[in-house]
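Colleague: Sending over coords-v8.cif (mmCIF, C-alpha atoms).
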```
data_work
#
loop_
_atom_site.label_atom_id
_atom_site.label_comp_id
_atom_site.auth_asym_id
_atom_site.auth_seq_id
_atom_site.Cartn_x
_atom_site.Cartn_y
_atom_site.Cartn_z
CA MET F 257 16.85 -32.70 -9.78
CA SER F 258 13.67 -31.73 -7.96
CA GLU F 259 15.75 -30.14 -5.20
CA ASN F 260 17.64 -27.98 -7.70
CA LYS F 261 14.38 -26.87 -9.25
CA THR F 262 13.06 -25.87 -5.82
CA ASP F 263 16.23 -23.98 -5.03
CA ALA F 264 15.85 -22.01 -8.28
CA LEU F 265 12.40 -20.77 -7.31
CA PRO F 266 11.94 -17.35 -5.67
CA LEU F 267 11.71 -17.64 -1.89
CA GLU F 268 7.98 -16.86 -1.86
CA TYR F 269 7.37 -19.88 -4.13
CA SER F 270 9.79 -22.19 -2.30
CA THR F 271 7.11 -23.97 -0.24
CA HIS F 272 3.92 -25.71 -1.30
CA GLN F 273 1.97 -23.55 1.17
CA GLY F 274 3.39 -20.41 -0.42
CA GLN F 275 2.45 -21.55 -3.91
CA MET F 276 -1.10 -22.42 -2.83
CA ASN F 277 -1.56 -19.09 -1.05
CA ILE F 278 -0.43 -17.17 -4.13
CA VAL F 279 -2.78 -19.16 -6.38
CA GLY F 280 -5.58 -18.54 -3.88
CA PHE F 281 -4.90 -14.82 -3.99
CA TRP F 282 -5.18 -14.80 -7.78
CA ILE F 283 -8.64 -16.35 -7.33
CA PHE F 284 -9.46 -13.63 -4.80
CA LEU F 285 -8.42 -10.98 -7.34
CA ALA F 286 -10.81 -12.56 -9.86
CA ALA F 287 -13.63 -11.96 -7.35
CA GLU F 288 -12.41 -8.37 -6.92
CA ILE F 289 -12.56 -7.89 -10.69
CA ALA F 290 -16.20 -9.03 -10.59
CA LEU F 291 -16.90 -6.53 -7.79
CA PHE F 292 -15.37 -3.57 -9.60
CA SER F 293 -16.95 -4.60 -12.92
CA THR F 294 -20.34 -4.37 -11.22
CA LEU F 295 -19.49 -0.94 -9.79
CA PHE F 296 -18.30 0.33 -13.18
CA ALA F 297 -21.46 -0.97 -14.86
CA THR F 298 -23.64 0.71 -12.23
CA TYR F 299 -21.74 3.97 -12.66
CA ALA F 300 -22.21 3.78 -16.45
CA VAL F 301 -25.97 3.32 -16.05
CA LEU F 302 -26.19 6.27 -13.67
CA PHE F 303 -23.92 8.55 -15.70
CA GLY F 304 -25.48 11.93 -16.40
CA ARG F 305 -28.28 11.58 -13.86
CA THR F 306 -27.16 14.54 -11.78
CA ALA F 307 -30.65 15.95 -11.07
CA ASP F 308 -30.14 19.42 -9.53
CA SER F 309 -26.57 18.76 -8.37
CA PRO F 310 -23.46 19.99 -10.25
CA ALA F 311 -22.35 18.14 -13.36
CA PRO F 312 -18.99 16.31 -13.18
CA ALA F 313 -17.45 18.67 -15.76
CA GLU F 314 -18.09 21.54 -13.34
CA LEU F 315 -16.19 19.91 -10.46
CA PHE F 316 -13.57 17.54 -11.84
CA GLU F 317 -10.15 19.20 -11.77
CA ALA F 318 -7.66 17.86 -14.29
CA GLY F 319 -4.66 18.96 -12.22
CA THR F 320 -5.75 17.12 -9.06
CA VAL F 321 -6.68 13.96 -10.94
CA LEU F 322 -3.38 13.92 -12.84
CA ILE F 323 -1.43 14.34 -9.61
CA MET F 324 -3.35 11.46 -8.01
CA THR F 325 -2.72 9.31 -11.07
CA PHE F 326 0.99 10.14 -11.12
CA ILE F 327 1.32 9.33 -7.42
CA LEU F 328 -0.44 5.98 -7.70
CA LEU F 329 1.44 4.91 -10.85
CA THR F 330 4.72 5.91 -9.21
CA SER F 331 3.76 3.81 -6.19
CA SER F 332 3.29 0.85 -8.52
CA PHE F 333 6.85 1.38 -9.79
CA THR F 334 8.29 1.62 -6.26
CA CYS F 335 6.35 -1.51 -5.31
CA GLY F 336 7.97 -3.30 -8.24
CA LEU F 337 11.39 -2.14 -7.04
CA ALA F 338 10.56 -3.51 -3.59
CA ILE F 339 9.85 -6.94 -5.10
CA HIS F 340 13.07 -6.72 -7.13
CA ASN F 341 15.10 -5.99 -3.99
CA MET F 342 13.36 -8.86 -2.22
CA ARG F 343 14.35 -11.22 -5.03
CA GLU F 344 17.92 -9.93 -4.74
CA GLY F 345 17.90 -10.74 -1.05
CA SER F 346 18.17 -7.12 0.08
CA LEU F 347 16.01 -6.66 3.17
CA LYS F 348 17.00 -3.01 3.51
CA GLY F 349 16.17 -2.23 -0.12
CA LEU F 350 12.87 -4.04 0.17
CA MET F 351 11.86 -2.12 3.28
CA VAL F 352 12.93 1.25 1.85
CA TRP F 353 10.95 0.83 -1.38
CA LEU F 354 7.95 -0.67 0.39
CA ALA F 355 7.95 2.23 2.86
CA LEU F 356 8.11 4.69 -0.06
CA THR F 357 5.16 2.89 -1.66
CA LEU F 358 3.34 3.32 1.63
CA VAL F 359 4.06 7.07 1.72
CA LEU F 360 2.83 7.47 -1.87
CA GLY F 361 -0.33 5.55 -1.01
CA LEU F 362 -0.97 7.87 1.92
CA SER F 363 -0.41 10.89 -0.36
CA PHE F 364 -2.95 9.51 -2.81
CA LEU F 365 -5.49 9.08 -0.02
CA GLY F 366 -4.86 12.63 1.14
CA PHE F 367 -5.68 14.00 -2.31
CA GLU F 368 -8.75 11.77 -2.57
CA ILE F 369 -10.09 12.97 0.80
CA TYR F 370 -9.46 16.57 -0.28
CA GLU F 371 -11.32 15.87 -3.52
CA PHE F 372 -14.33 14.35 -1.75
CA VAL F 373 -14.55 17.21 0.76
CA HIS F 374 -14.39 19.72 -2.09
CA TYR F 375 -17.17 18.00 -4.03
CA VAL F 376 -19.42 17.82 -0.96
CA SER F 377 -18.84 21.52 -0.24
CA GLU F 378 -19.96 22.27 -3.81
CA GLY F 379 -23.22 20.35 -3.41
CA ALA F 380 -22.17 16.98 -4.82
CA ALA F 381 -22.56 14.41 -2.03
CA LEU F 382 -23.43 10.72 -1.93
CA GLY F 383 -27.15 11.48 -1.71
CA SER F 384 -27.23 14.44 -4.10
CA SER F 385 -28.13 12.41 -7.19
CA ALA F 386 -27.93 8.98 -8.77
CA PHE F 387 -24.75 9.97 -10.63
CA TRP F 388 -22.88 11.15 -7.54
CA SER F 389 -24.00 8.05 -5.63
CA GLY F 390 -22.43 5.89 -8.35
CA PHE F 391 -19.31 8.05 -8.36
CA PHE F 392 -18.74 7.99 -4.61
CA VAL F 393 -19.43 4.27 -4.28
CA LEU F 394 -17.00 3.41 -7.09
CA THR F 395 -14.16 5.73 -6.13
CA GLY F 396 -14.81 5.26 -2.42
CA THR F 397 -14.58 1.47 -2.74
CA HIS F 398 -11.23 1.89 -4.47
CA GLY F 399 -10.14 4.27 -1.72
CA VAL F 400 -11.12 1.76 0.97
CA HIS F 401 -9.06 -0.89 -0.82
CA VAL F 402 -6.07 1.48 -0.92
CA THR F 403 -6.50 2.10 2.82
CA LEU F 404 -6.54 -1.65 3.48
CA GLY F 405 -3.42 -2.02 1.33
CA ILE F 406 -1.62 0.63 3.37
CA GLY F 407 -2.53 -1.09 6.64
CA TRP F 408 -1.40 -4.40 5.18
CA MET F 409 1.97 -2.92 4.17
CA ILE F 410 2.51 -1.48 7.64
CA ALA F 411 1.91 -4.91 9.18
CA ILE F 412 4.29 -6.55 6.70
CA LEU F 413 7.01 -3.95 7.34
CA ILE F 414 6.78 -4.73 11.06
CA GLN F 415 7.10 -8.45 10.35
CA LEU F 416 10.06 -7.88 8.03
CA LYS F 417 11.80 -5.88 10.76
CA GLN F 418 11.21 -8.66 13.28
CA ARG F 419 11.74 -11.78 11.13
CA GLY F 420 13.69 -10.73 8.05
CA LEU F 421 13.34 -12.49 4.69
CA THR F 422 11.66 -15.86 5.10
CA ALA F 423 9.39 -17.97 2.90
CA VAL F 424 6.42 -16.55 4.84
CA THR F 425 7.36 -12.86 4.83
CA THR F 426 8.39 -12.86 1.16
CA ARG F 427 5.11 -14.54 0.25
CA LYS F 428 3.22 -11.79 2.07
CA VAL F 429 5.23 -9.08 0.31
CA PHE F 430 4.62 -10.67 -3.08
CA ILE F 431 0.88 -10.98 -2.45
CA VAL F 432 0.50 -7.39 -1.24
CA GLY F 433 2.44 -6.37 -4.37
CA LEU F 434 -0.12 -8.15 -6.55
CA TYR F 435 -2.89 -6.42 -4.63
CA TRP F 436 -1.27 -3.00 -5.07
CA HIS F 437 -0.72 -3.45 -8.80
CA PHE F 438 -4.34 -4.55 -9.12
CA LEU F 439 -5.51 -1.31 -7.46
CA ASP F 440 -3.34 0.69 -9.86
CA VAL F 441 -4.98 -1.03 -12.84
CA ILE F 442 -8.43 -0.30 -11.41
CA TRP F 443 -7.43 3.36 -11.01
CA ILE F 444 -6.45 3.56 -14.69
CA PHE F 445 -9.99 2.49 -15.57
CA ILE F 446 -11.41 5.04 -13.11
CA PHE F 447 -9.16 7.76 -14.54
CA THR F 448 -10.27 7.09 -18.12
CA SER F 449 -13.93 6.08 -17.74
CA VAL F 450 -14.87 8.40 -14.87
CA TYR F 451 -12.67 11.47 -14.88
CA MET F 452 -11.61 11.88 -18.51
CA ILE F 453 -15.09 11.22 -19.88
CA GLY F 454 -16.68 13.24 -17.06
CA MET F 455 -14.58 16.27 -17.94
CA VAL F 456 -15.62 16.38 -21.59
CA VAL F 457 -19.24 15.18 -21.57
#
```
Could you render the structure as structure tokens?
Modeller:
Amino acid sequence: MSENKTDALPLEYSTHQGQMNIVGFWIFLAAEIALFSTLFATYAVLFGRTADSPAPAELFEAGTVLIMTFILLTSSFTCGLAIHNMREGSLKGLMVWLALTLVLGLSFLGFEIYEFVHYVSEGAALGSSAFWSGFFVLTGTHGVHVTLGIGWMIAILIQLKQRGLTAVTTRKVFIVGLYWHFLDVIWIFIFTSVYMIGMVV
């Protein structure tokens, strides 16, 4: 009976080690939530303190932000399709959708770098004011996490190519999927509390 139950589990949950690693990662995400909560609270306290630097409404571009949001949300969808293909036992499908997620993540980073360079050229840098310090630390921390996620995906794609679908590789794919979805949720909060409010206030 116990054997049948184990066989019915997804491959990433098929070993005790896999289950413990996934639980451990959920605990890690709880710590990440605490980190970003602190950054959001700091940003809220510093909001409006632009000193002599440009106000956010002067620099935030709705078009760029919407494109970045669309790219990242689409990457969350493709990441979900990668997990679905993994559960179906399709290595090729998994690698194709994970690679597409990777490309979308790189596109998002490209737009974010462009955005940062544009703001700095307009006089809004990390040291320009308390507000822009809070902005760059919050969005920059998210960007660093996205960069780490991209590097992680590249490493996993290499392992999938070499080892195929195993209890270890599927566990790694599932965990990086959790991480990627978490970053998408954080971006939704950044989009609404930073950009949307910043454009109207």
Colleague: Let me know the residues the PyMOL selection byres ((chain F and resi 336) around 12) catches in the file above, as a list in words.
Modeller: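 With the shown file as input, the PyMOL selection byres ((chain F and resi 336) around 12) matches Leu329, Thr330, Ser331, Ser332, Phe333, Thr334, Cys335, Leu337, Ala338, Ile339, His340, Asn341, Met342, Arg343, Gly349, Leu350, Trp353, Leu354, Leu356, Thr357, Val429, Phe430, Ile431, Val432, Gly433, Leu434, Tyr435, Trp436 and His437 of chain F.
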Colleague: For a quick check of your reading of the model, name the residues lying within 12 Å of the coordinate (-17.7, 22.1, -4.1), counting all atoms listed in the file, and write them as a list in words.
Modeller: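 Nearby residues: Ser309, Pro310, Ala311, Pro312, Glu314, Leu315, Phe316, Glu317, Tyr370, Glu371, Phe372, Val373, His374, Tyr375, Val376, Ser377, Glu378, Gly379, Ala380 and Ala381 of chain F.
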Colleague: Pick out the closest residue to Ala411 in chain F from this set: F:Thr395, F:Leu358, F:Phe364, F:Ser389. Count all atoms listed in the file.
Modeller: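 Closest candidate: F:Leu358.
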Colleague: Could you check the closest approach to Phe392 in chain F for each of F:Phe367, F:Phe284, F:Tyr299, F:Phe292 and tell me which residue wins, using only C-alpha atoms?
Modeller: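 Using only C-alpha atoms, Phe392 in chain F sits closest to F:Tyr299.
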Colleague: I would like the residues chosen by the PyMOL selection byres ((chain F and resi 423) around 9) on the shown file; could you give them as a PyMOL selection string?
Modeller: chain F and resi 266-271+274+421-422+424-428
Colleague: With C-alpha atoms retained, write the just-selected residues as a PDB file, in the frame of the given file.
Modeller:
```
ATOM      1  CA  PRO F 266      11.940 -17.350  -5.670  1.00  0.00           C
ATOM      2  CA  LEU F 267      11.710 -17.640  -1.890  1.00  0.00           C
ATOM      3  CA  GLU F 268       7.980 -16.860  -1.860  1.00  0.00           C
ATOM      4  CA  TYR F 269       7.370 -19.880  -4.130  1.00  0.00           C
ATOM      5  CA  SER F 270       9.790 -22.190  -2.300  1.00  0.00           C
ATOM      6  CA  THR F 271       7.110 -23.970  -0.240  1.00  0.00           C
ATOM      7  CA  GLY F 274       3.390 -20.410  -0.420  1.00  0.00           C
ATOM      8  CA  LEU F 421      13.340 -12.490   4.690  1.00  0.00           C
ATOM      9  CA  THR F 422      11.660 -15.860   5.100  1.00  0.00           C
ATOM     10  CA  VAL F 424       6.420 -16.550   4.840  1.00  0.00           C
ATOM     11  CA  THR F 425       7.360 -12.860   4.830  1.00  0.00           C
ATOM     12  CA  THR F 426       8.390 -12.860   1.160  1.00  0.00           C
ATOM     13  CA  ARG F 427       5.110 -14.540   0.250  1.00  0.00           C
ATOM     14  CA  LYS F 428       3.220 -11.790   2.070  1.00  0.00           C
TER      15      LYS F 428
END
```
Colleague: Applied to this file, what does the PyMOL selection byres ((chain F and resi 295-298) around 9) return in terms of residues, put as a list of chain:residue names?
Modeller: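 That selection, the PyMOL selection byres ((chain F and resi 295-298) around 9), comes back as F:Ala290, F:Leu291, F:Phe292, F:Ser293, F:Thr294, F:Tyr299, F:Ala300, F:Val301, F:Leu302, F:Phe303, F:Gly390, F:Val393, F:Leu394, F:Thr397, F:Phe445, F:Ile446, F:Ser449, F:Val450.
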Colleague: From the options F:Met351, F:Leu285, F:Met455, F:Ile323, which residue's atoms come nearest to Leu365 in chain F, counting all atoms listed in the file?
Modeller: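 With all atoms listed in the file as the atom set, the closest residue is F:Ile323.
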Colleague: When distances are computed from all atoms listed in the file, which of F:Val441, F:Ala307, F:Ile406, F:Leu416 shows the smallest separation from Gly383 in chain F?
Modeller: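 Going through F:Val441, F:Ala307, F:Ile406, F:Leu416 one by one, the smallest distance to Gly383 in chain F is for F:Ala307.
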Colleague: Which value, in Å to one decimal, gives the distance between CA of Ser346 in chain F and CA of Ile410 in chain F?
Modeller: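 Interatomic distance, CA of Ser346 in chain F to CA of Ile410 in chain F: 18.3 Å.
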Colleague: Please report the interatomic distance between CA of Ile289 in chain F and CA of Ile442 in chain F in Å with one decimal.
Modeller: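 Computing the Euclidean distance for CA of Ile289 in chain F and CA of Ile442 in chain F yields 8.7 Å.
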Colleague: Using CA of Gly345 in chain F and CA of Leu265 in chain F as the two end points, give the distance in Å to one decimal.
Modeller: 13.0 Å
Colleague: Using all atoms listed in the file, which protein or nucleic acid residues come within 7 Å of Thr306 in chain F? Drop anything in the same chain fewer than 5 positions from it, and give the result as a ChimeraX atom specification.
Modeller: /F:311,385-388
Colleague: Emit the selected residues as a compact mmCIF listing (two decimals), in the coordinates of the input, including C-alpha atoms.
Modeller:
```txt
# COMPACT_ATOMS: atom_id res chain seq x y z
CA ALA F 311 -22.35 18.14 -13.36
CA SER F 385 -28.13 12.41 -7.19
CA ALA F 386 -27.93 8.98 -8.77
CA PHE F 387 -24.75 9.97 -10.63
CA TRP F 388 -22.88 11.15 -7.54
```
Colleague: Ranking F:Phe438, F:Gly454, F:Leu347, F:Ser363 by minimum distance to Gln418 in chain F and counting all atoms listed in the file, which one comes first?
Modeller: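 Comparing F:Phe438, F:Gly454, F:Leu347, F:Ser363 against Gln418 in chain F, the winner is F:Leu347.
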